[in-house]
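Visitor: Starting off with a structure, shown below.
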Amino acid sequence: MARRTTDDDLLMEDELTAAFLGEEEIVQHQQVQQPMQQEDEWDEEEAVPGQLAVDVYETKDKLVVKARTAGVNKNELDVSISDNTLSIRGSLNAGYEEDVENYHLQECYWGEFSRSLVLPIPVKEDEIEAVLKDGVLTVSFTKVKQDTVKKIQVL
């Protein structure tokens, strides 16, 4: 069961913080804690691009990256690779609701998103397939075969 924080709890937390941290560390701790205590305030100007969640797995011949991109038009996606780093960028547009006076709940992320990740294994950058189907972007790479281990002579 969750317990609601009281002012007494905050005082005790500050006393414990002071006991274990130096003056400079206390200031840094307070700066980190400050935004968490004001989470009810929402500042639209501080919006940052969303980070796209991905699944990355291997099959016998392929490396596959999947990302849930429901609501994104394929023309709004930018998928690129450079130096074994995959980048996916796009935008989710909810449209403009001119009659809205006040949101009671807004959980959906609308706006730009991006994700860059270094691929965990070598791939053939000229053999890539990207498919958007049912709101899922699937990017498949042909793996570079490394069948043999090359022995290096130490001089």
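Identifiers for the structure tokens are assigned positionally: chains receive A, B, ... in sequence, residues are indexed from 1 per chain, and ligands are indexed from 1 in the order shown.
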Can you tell me which residues surround A:Gln146 at a distance of at most 12 Å, considering only C-alpha atoms, apart from same-chain residues fewer than 5 positions away, and format the answer as a list of chain:residue names?

Guide: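 In the requested form, the answer reads A:Asp61, A:Ile121, A:Pro122, A:Val123.
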
Visitor: Just the residues within 10 Å of A:Arg89, please, counting only C-alpha atoms, with nothing from its chain fewer than 2 positions along; format it as a PyMOL selection string.

Guide: chain A and resi 49-52+76-80+87+91+112-116

Visitor: Could you dump the residues just selected with N, CA and C atoms as a compact mmCIF listing (two decimals), in the first residue's frame?

Guide:
```
# COMPACT_ATOMS: atom_id res chain seq x y z
N PRO A 49 11.54 15.49 -27.26
CA PRO A 49 11.09 14.43 -28.15
C PRO A 49 11.00 13.10 -27.42
N GLY A 50 9.96 12.33 -27.71
CA GLY A 50 9.79 11.03 -27.08
C GLY A 50 10.81 10.04 -27.59
N GLN A 51 11.15 9.10 -26.75
CA GLN A 51 12.10 8.07 -27.17
C GLN A 51 11.31 6.83 -27.52
N LEU A 52 11.51 6.34 -28.71
CA LEU A 52 10.81 5.19 -29.24
C LEU A 52 11.33 3.91 -28.59
N GLU A 76 5.89 9.62 -42.83
CA GLU A 76 6.33 10.46 -41.72
C GLU A 76 7.49 9.80 -40.95
N LEU A 77 7.96 8.65 -41.43
CA LEU A 77 9.06 7.94 -40.78
C LEU A 77 10.37 8.19 -41.53
N ASP A 78 11.43 8.36 -40.77
CA ASP A 78 12.77 8.49 -41.34
C ASP A 78 13.61 7.40 -40.69
N VAL A 79 13.99 6.40 -41.49
CA VAL A 79 14.80 5.29 -41.00
C VAL A 79 16.13 5.33 -41.74
N SER A 80 17.24 5.38 -41.00
CA SER A 80 18.55 5.45 -41.66
C SER A 80 19.57 4.67 -40.85
N SER A 87 18.97 4.73 -36.91
CA SER A 87 18.21 5.88 -36.41
C SER A 87 16.80 5.83 -36.97
N SER A 91 6.92 11.39 -36.36
CA SER A 91 6.05 12.32 -35.66
C SER A 91 4.66 11.73 -35.54
N GLU A 112 7.10 14.72 -31.90
CA GLU A 112 8.24 14.05 -32.51
C GLU A 112 8.79 12.97 -31.58
N PHE A 113 9.32 11.92 -32.19
CA PHE A 113 9.99 10.87 -31.44
C PHE A 113 11.22 10.46 -32.22
N SER A 114 12.17 9.86 -31.53
CA SER A 114 13.37 9.38 -32.21
C SER A 114 14.04 8.31 -31.37
N ARG A 115 14.87 7.54 -32.04
CA ARG A 115 15.66 6.51 -31.36
C ARG A 115 16.86 6.20 -32.24
N SER A 116 18.02 6.19 -31.65
CA SER A 116 19.24 5.77 -32.32
C SER A 116 19.86 4.68 -31.46
```

Visitor: Suppose you want the space between atom CA of A:Glu125 and atom CA of A:Ile81; what is it in Å?

Guide: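 For atom CA of A:Glu125 relative to atom CA of A:Ile81, the distance reads 7.3 Å.
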
Visitor: What does the distance between atom CA of A:Gln106 and atom CA of A:Thr69 come to in Å, to one decimal place?

Guide: 18.6 Å

Visitor: In Å to one decimal, how far is atom CA of A:Lys74 from atom CA of A:Val56?

Guide: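 Calculated distance between atom CA of A:Val56 and atom CA of A:Lys74 is 20.3 Å.
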